[in-house]
2 protein chains.
Amino acid sequence: MQVQLAPTEMALTQRSHGSQLRRPTLEDVARRSGVSKSTVSRVVNGEPRVRPEVVERVREVVSELGYVPNQGARQLVTHRTGAVAVVAAHPADRLFLDPFFDCLLRGIRRELARHGAQAVLLFLDEPDDYARVADYLGGGHVDGALLFSLRPGDRLPEMADRLGLPTVFGGRPLLRDGDTVHGHAYVDGDNRGGARQAVQHLVALGRQRIATVAGPYDQENSAADRLAGYHDVLLDAPADLVEKADYTRQGGADAMAVLLDRRPDLDAVFVASDLMASGALQTLRERGRRVPEDVAVVGFDDIVSIAESTDPPLTTVHQDVTEMGRLMAHLLMRDDGARDATPGGSSVVVPTRLVRRGSA
Amino acid sequence: MQVQLAPTEMALTQRSHGSQLRRPTLEDVARRSGVSKSTVSRVVNGEPRVRPEVVERVREVVSELGYVPNQGARQLVTHRTGAVAVVAAHPADRLFLDPFFDCLLRGIRRELARHGAQAVLLFLDEPDDYARVADYLGGGHVDGALLFSLRPGDRLPEMADRLGLPTVFGGRPLLRDGDTVHGHAYVDGDNRGGARQAVQHLVALGRQRIATVAGPYDQENSAADRLAGYHDVLLDAPADLVEKADYTRQGGADAMAVLLDRRPDLDAVFVASDLMASGALQTLRERGRRVPEDVAVVGFDDIVSIAESTDPPLTTVHQDVTEMGRLMAHLLMRDDGARDATPGGSSVVVPTRLVRRGSA
DNA sequence: TTGAAAGCGCTAACAA
DNA sequence: TTGTTAGCGCTTTCAA
């Protein structure tokens, strides 16, 4: 590709005050303030037993020299880095478009900040990312990892295990084959219970033929759980009321069309995500069905930007995603301190609630 | 908030093979394979002058022990980490809903991977994030930083400067007051040239009264540049044909309404982002204007998911965002090697092109 | 081709 | 309250 060089540009960043090529070290600060390295270290780490005047002097020199501790050196002795990795598998694309991840991340960041830890995001996208990320996680860059949206049989959990890196999963991990869960901590929304709430609501509305647009239940636990919740309520639902889609809007629209073709008499549908539900609503409108009069619709996720802007607004299952993020970080940090101390009870399922809007 | 403890949970992650509490070190590998630390180091770093049999033996032990080099220790002597920070302001509003950032990141990650570097994402959100991120960047965790969507007068550039951290900006940085650019490298789309293309296209279509919905030109360089491009072509455009909005869909819709009220006779509009353009199209439809017959519309960004799904599809200015990301990483890595070597010519403006669809 | 030794910048006993 | 010392795990001269 052709590029134009901007005319006004000059040399790259140079040290502001031309002098040092080397970053100042603890030793530099010590010398300049006439105390020992230990004392400077104490000041920098906020230890109490230092004379106030000394503290002040050292602080002056620190900011004068622009000293920032070398975390590598520090980590070498403390075995702590103050950083936590948030690793998101495959979908850099779907991820950023998703307010879900956004809220999750906000919750995580907030809780980590309370512990003075920095969240660093890593993406697993192309195949060779695995090796790099593994080296990164194993290289002592971080004190722990929060792992997301892993595919079934993903080798990351096992890797983290080998590395002895404290790990919490977002969503109950789907392991390969008969592999047992190694007692990994996870945080998950109550997908099954939420789905039950949704379907029970439709039943309470008096609906007789309640269909469902399920997510990719062979690939994601959340989808499988939501479908299970549907069946919990509708024990003998015929198979032709269930249609699988892929958690996309278009997928939801297509699945709805299939359902209508198969069962023109359906009078309600539980759609396993708001995004799919928005697609389903479109199909219903195109087919001339009134919502909720002819067909009642309930979604899942409560992505407000979607649920409030559909026509009619979407009744859906709410998850407190920010709280889920916060809990993940909490679990990790707790673990971090009380390593090997708390046997059992490390995972959390966050309850859902139904938000009634116009569609059901 | 109330949480339910999952019944099936057990103890947290424990080292798979119960044995070592400590991660294996170079020394462990050396001992186990009967060579010196130096030799192991050479093997691990792929240096040539090692006997093949020794290489093999060491490799065996490495994988047997699951050895991963401690990057902290390595960094201490090499001053390199193999990681690059991508720092962005988190505000969900623009960034995350935007495939823009997504593509950018993809380009960055790809190029970084070519150099064997790991991209780590940091977000700036709440005020105290600055201190943490600064410590992180200054702490030697990364070899360089890619900085995004900074507000005018942001102190991050200055901080990076002080830290002597190689830095490349995404978008021409808007500095506070009369502050001169410190010769920071940046990569930007040709906002001004792109806007010219858009407006010239409308002129070529024979439109007489071409309005513009501008972005927040007092806050973002991109918006200011796009507005400048509009004025480049329409030297004497009356002020009432220009309306500022905030880069949101709703903002675009509102601005369009204002323009129509003020100038019912307008026959074309250049909208400074696709998102705003989708809002503008809605307003035009509500006001009964046909597009493009009554009013021709051109957007900016070529966010395909938007531009192809509007009615009619949006004619817009395309930016090669992935390439921009790639270039940023490239600039950084080049700089990283040739420090202080290349005075001048470090920034790049990536050309745009008009993509014709139905709206103009 | 390999090993021994020094040292990167920091913290953590231990002494003073 | 402060300084001295050792050493974290690694790379890198320098010798062998």
# chains A, B, ... in the order shown; residues from 1 in each chain; ligands from 1

call {"tool": "interface_residues", "arguments": {"of": "chain C", "to": "chain A", "cutoff": "9 Å", "atoms": "only C-alpha atoms (C1' of nucleotides)", "output": "ChimeraX atom specification"}}
result
/C:8-12

call {"tool": "calpha_fit_rmsd", "arguments": {"fixed": "chain A", "moving": "chain B"}}
result
0.5 Å

call {"tool": "interface_residues", "arguments": {"of": "chain D", "to": "chain B", "cutoff": "8 Å", "atoms": "only C-alpha atoms (C1' of nucleotides)", "output": "NGL selection string"}}
result
:D and (9-11)

call {"tool": "write_last_selection", "arguments": {"atoms": "N, CA and C atoms (P, O5', C5', C4', C3', O3' and C1' of nucleotides)", "output": "short mmCIF file (atom, residue, chain, number, x, y, z; two decimals), in the first residue's frame"}}
result
data_model
loop_
_atom_site.label_atom_id
_atom_site.label_comp_id
_atom_site.auth_asym_id
_atom_site.auth_seq_id
_atom_site.Cartn_x
_atom_site.Cartn_y
_atom_site.Cartn_z
P DG D 9 14.73 -18.41 41.47
"O5'" DG D 9 15.07 -18.02 39.98
"C5'" DG D 9 14.12 -17.32 39.20
"C4'" DG D 9 14.78 -16.88 37.92
"C3'" DG D 9 15.44 -18.00 37.12
"O3'" DG D 9 14.97 -17.92 35.79
"C1'" DG D 9 16.94 -16.21 37.42
P DC D 10 15.46 -18.80 34.63
"O5'" DC D 10 16.47 -17.82 33.88
"C5'" DC D 10 15.92 -16.80 33.06
"C4'" DC D 10 16.94 -15.72 32.83
"C3'" DC D 10 18.01 -16.05 31.81
"O3'" DC D 10 17.55 -15.65 30.52
"C1'" DC D 10 18.88 -14.86 33.70
P DT D 11 18.35 -16.10 29.24
"O5'" DT D 11 19.54 -15.05 29.21
"C5'" DT D 11 19.24 -13.68 28.95
"C4'" DT D 11 20.50 -12.87 29.03
"C3'" DT D 11 21.50 -13.08 27.91
"O3'" DT D 11 21.99 -11.80 27.58
"C1'" DT D 11 22.58 -13.40 29.96
#

call {"tool": "atom_distance", "arguments": {"atom1": "CA of Leu259 in chain B", "atom2": "CA of Val297 in chain B"}}
result
13.2 Å

call {"tool": "residues_around", "arguments": {"residues": "range 248-250 of chain A", "least_positions_apart": "3", "cutoff": "10 Å", "atoms": "only C-alpha atoms (C1' of nucleotides)", "output": "ChimeraX atom specification"}}
result
/A:94,215,245,253-256,273-283

call {"tool": "residues_around", "arguments": {"residues": "DT2 in chain D", "least_positions_apart": "2", "cutoff": "12 Å", "atoms": "only C-alpha atoms (C1' of nucleotides)", "output": "list in words"}}
result
Gly34, Val35, Ser36, Lys37, Ser38, Thr39, Val40, Ser41, Arg42, Arg49, Val50, Arg51 and Val54 of chain A; DA15 and DA16 of chain C; DT4 of chain D

call {"tool": "closest_residue", "arguments": {"among": "A:Tyr247, A:Tyr130, A:Phe169, A:Tyr136", "to": "chain B", "atoms": "only C-alpha atoms"}}
result
A:Tyr136

call {"tool": "select_by_dssp", "arguments": {"residues": "range 180-352 of chain B", "states": "alpha helix (DSSP H)", "output": "PyMOL selection string"}}
result
chain B and resi 191-204+221-233+249-262+274-286+304-307+321-337

call {"tool": "select_by_dssp", "arguments": {"residues": "range 205-280 of chain B", "states": "strand (DSSP E or B)", "output": "list in words"}}
result
Ile210, Ala211, Thr212, Val213, Ala214, Val242, Glu243, Lys244, Ala268, Val269, Phe270 and Val271 of chain B

call {"tool": "decode", "arguments": {"residues": "range 1-12 of chain C", "atoms": "N, CA and C atoms (P, O5', C5', C4', C3', O3' and C1' of nucleotides)", "output": "mmCIF file, in the first residue's frame"}}
result
data_model
loop_
_atom_site.group_PDB
_atom_site.id
_atom_site.type_symbol
_atom_site.label_atom_id
_atom_site.label_comp_id
_atom_site.auth_asym_id
_atom_site.auth_seq_id
_atom_site.Cartn_x
_atom_site.Cartn_y
_atom_site.Cartn_z
ATOM 1 P P DT C 1 31.035 -25.520 17.122
ATOM 2 O "O5'" DT C 1 30.852 -25.924 18.643
ATOM 3 C "C5'" DT C 1 30.723 -27.266 19.024
ATOM 4 C "C4'" DT C 1 31.112 -27.303 20.466
ATOM 5 C "C3'" DT C 1 29.976 -26.936 21.432
ATOM 6 O "O3'" DT C 1 29.705 -28.080 22.226
ATOM 7 C "C1'" DT C 1 32.028 -25.852 22.017
ATOM 8 P P DT C 2 28.667 -28.131 23.353
ATOM 9 O "O5'" DT C 2 29.425 -27.438 24.538
ATOM 10 C "C5'" DT C 2 30.122 -28.237 25.468
ATOM 11 C "C4'" DT C 2 30.774 -27.341 26.483
ATOM 12 C "C3'" DT C 2 29.857 -26.845 27.591
ATOM 13 O "O3'" DT C 2 30.090 -27.657 28.722
ATOM 14 C "C1'" DT C 2 31.484 -25.232 26.901
ATOM 15 P P DG C 3 29.235 -27.411 30.028
ATOM 16 O "O5'" DG C 3 30.166 -26.384 30.823
ATOM 17 C "C5'" DG C 3 31.467 -26.783 31.139
ATOM 18 C "C4'" DG C 3 32.155 -25.723 31.967
ATOM 19 C "C3'" DG C 3 31.360 -25.226 33.176
ATOM 20 O "O3'" DG C 3 32.272 -25.063 34.259
ATOM 21 C "C1'" DG C 3 31.882 -23.401 31.774
ATOM 22 P P DA C 4 31.800 -24.805 35.731
ATOM 23 O "O5'" DA C 4 32.773 -23.663 36.244
ATOM 24 C "C5'" DA C 4 33.816 -23.152 35.415
ATOM 25 C "C4'" DA C 4 34.273 -21.798 35.949
ATOM 26 C "C3'" DA C 4 33.641 -21.378 37.275
ATOM 27 O "O3'" DA C 4 34.556 -20.518 37.935
ATOM 28 C "C1'" DA C 4 32.848 -19.966 35.552
ATOM 29 P P DA C 5 34.167 -19.774 39.307
ATOM 30 O "O5'" DA C 5 33.742 -18.329 38.783
ATOM 31 C "C5'" DA C 5 34.607 -17.639 37.880
ATOM 32 C "C4'" DA C 5 34.074 -16.229 37.664
ATOM 33 C "C3'" DA C 5 33.453 -15.593 38.915
ATOM 34 O "O3'" DA C 5 33.731 -14.203 38.879
ATOM 35 C "C1'" DA C 5 31.842 -15.706 37.219
ATOM 36 P P DA C 6 33.434 -13.273 40.140
ATOM 37 O "O5'" DA C 6 32.887 -11.954 39.436
ATOM 38 C "C5'" DA C 6 33.309 -11.633 38.107
ATOM 39 C "C4'" DA C 6 32.230 -10.792 37.445
ATOM 40 C "C3'" DA C 6 31.495 -9.862 38.423
ATOM 41 O "O3'" DA C 6 31.335 -8.604 37.793
ATOM 42 C "C1'" DA C 6 29.943 -11.214 37.290
ATOM 43 P P DG C 7 30.946 -7.325 38.674
ATOM 44 O "O5'" DG C 7 29.469 -7.032 38.158
ATOM 45 C "C5'" DG C 7 29.194 -6.984 36.764
ATOM 46 C "C4'" DG C 7 27.698 -7.061 36.589
ATOM 47 C "C3'" DG C 7 26.899 -6.282 37.653
ATOM 48 O "O3'" DG C 7 25.870 -5.581 36.984
ATOM 49 C "C1'" DG C 7 26.099 -8.446 37.500
ATOM 50 P P DC C 8 25.440 -4.144 37.496
ATOM 51 O "O5'" DC C 8 24.027 -3.941 36.792
ATOM 52 C "C5'" DC C 8 23.845 -4.095 35.384
ATOM 53 C "C4'" DC C 8 22.467 -4.692 35.140
ATOM 54 C "C3'" DC C 8 21.414 -4.150 36.093
ATOM 55 O "O3'" DC C 8 20.731 -3.072 35.446
ATOM 56 C "C1'" DC C 8 21.261 -6.550 35.855
ATOM 57 P P DG C 9 20.644 -1.668 36.155
ATOM 58 O "O5'" DG C 9 19.483 -1.894 37.218
ATOM 59 C "C5'" DG C 9 18.175 -2.212 36.769
ATOM 60 C "C4'" DG C 9 17.350 -2.618 37.965
ATOM 61 C "C3'" DG C 9 17.354 -1.612 39.120
ATOM 62 O "O3'" DG C 9 16.007 -1.316 39.441
ATOM 63 C "C1'" DG C 9 17.838 -3.788 39.904
ATOM 64 P P DC C 10 15.575 -0.474 40.674
ATOM 65 O "O5'" DC C 10 15.227 -1.596 41.736
ATOM 66 C "C5'" DC C 10 14.028 -2.340 41.562
ATOM 67 C "C4'" DC C 10 14.052 -3.579 42.409
ATOM 68 C "C3'" DC C 10 13.850 -3.353 43.898
ATOM 69 O "O3'" DC C 10 12.455 -3.428 44.174
ATOM 70 C "C1'" DC C 10 15.511 -5.020 43.431
ATOM 71 P P DT C 11 11.950 -3.027 45.627
ATOM 72 O "O5'" DT C 11 12.252 -4.345 46.476
ATOM 73 C "C5'" DT C 11 11.562 -5.532 46.129
ATOM 74 C "C4'" DT C 11 11.982 -6.657 47.047
ATOM 75 C "C3'" DT C 11 11.604 -6.491 48.514
ATOM 76 O "O3'" DT C 11 11.216 -7.788 48.941
ATOM 77 C "C1'" DT C 11 13.926 -6.845 48.341
ATOM 78 P P DA C 12 10.413 -8.049 50.260
ATOM 79 O "O5'" DA C 12 11.517 -8.819 51.099
ATOM 80 C "C5'" DA C 12 12.113 -9.969 50.534
ATOM 81 C "C4'" DA C 12 13.126 -10.501 51.509
ATOM 82 C "C3'" DA C 12 12.692 -10.411 52.960
ATOM 83 O "O3'" DA C 12 13.287 -11.506 53.636
ATOM 84 C "C1'" DA C 12 14.606 -9.105 52.659
#
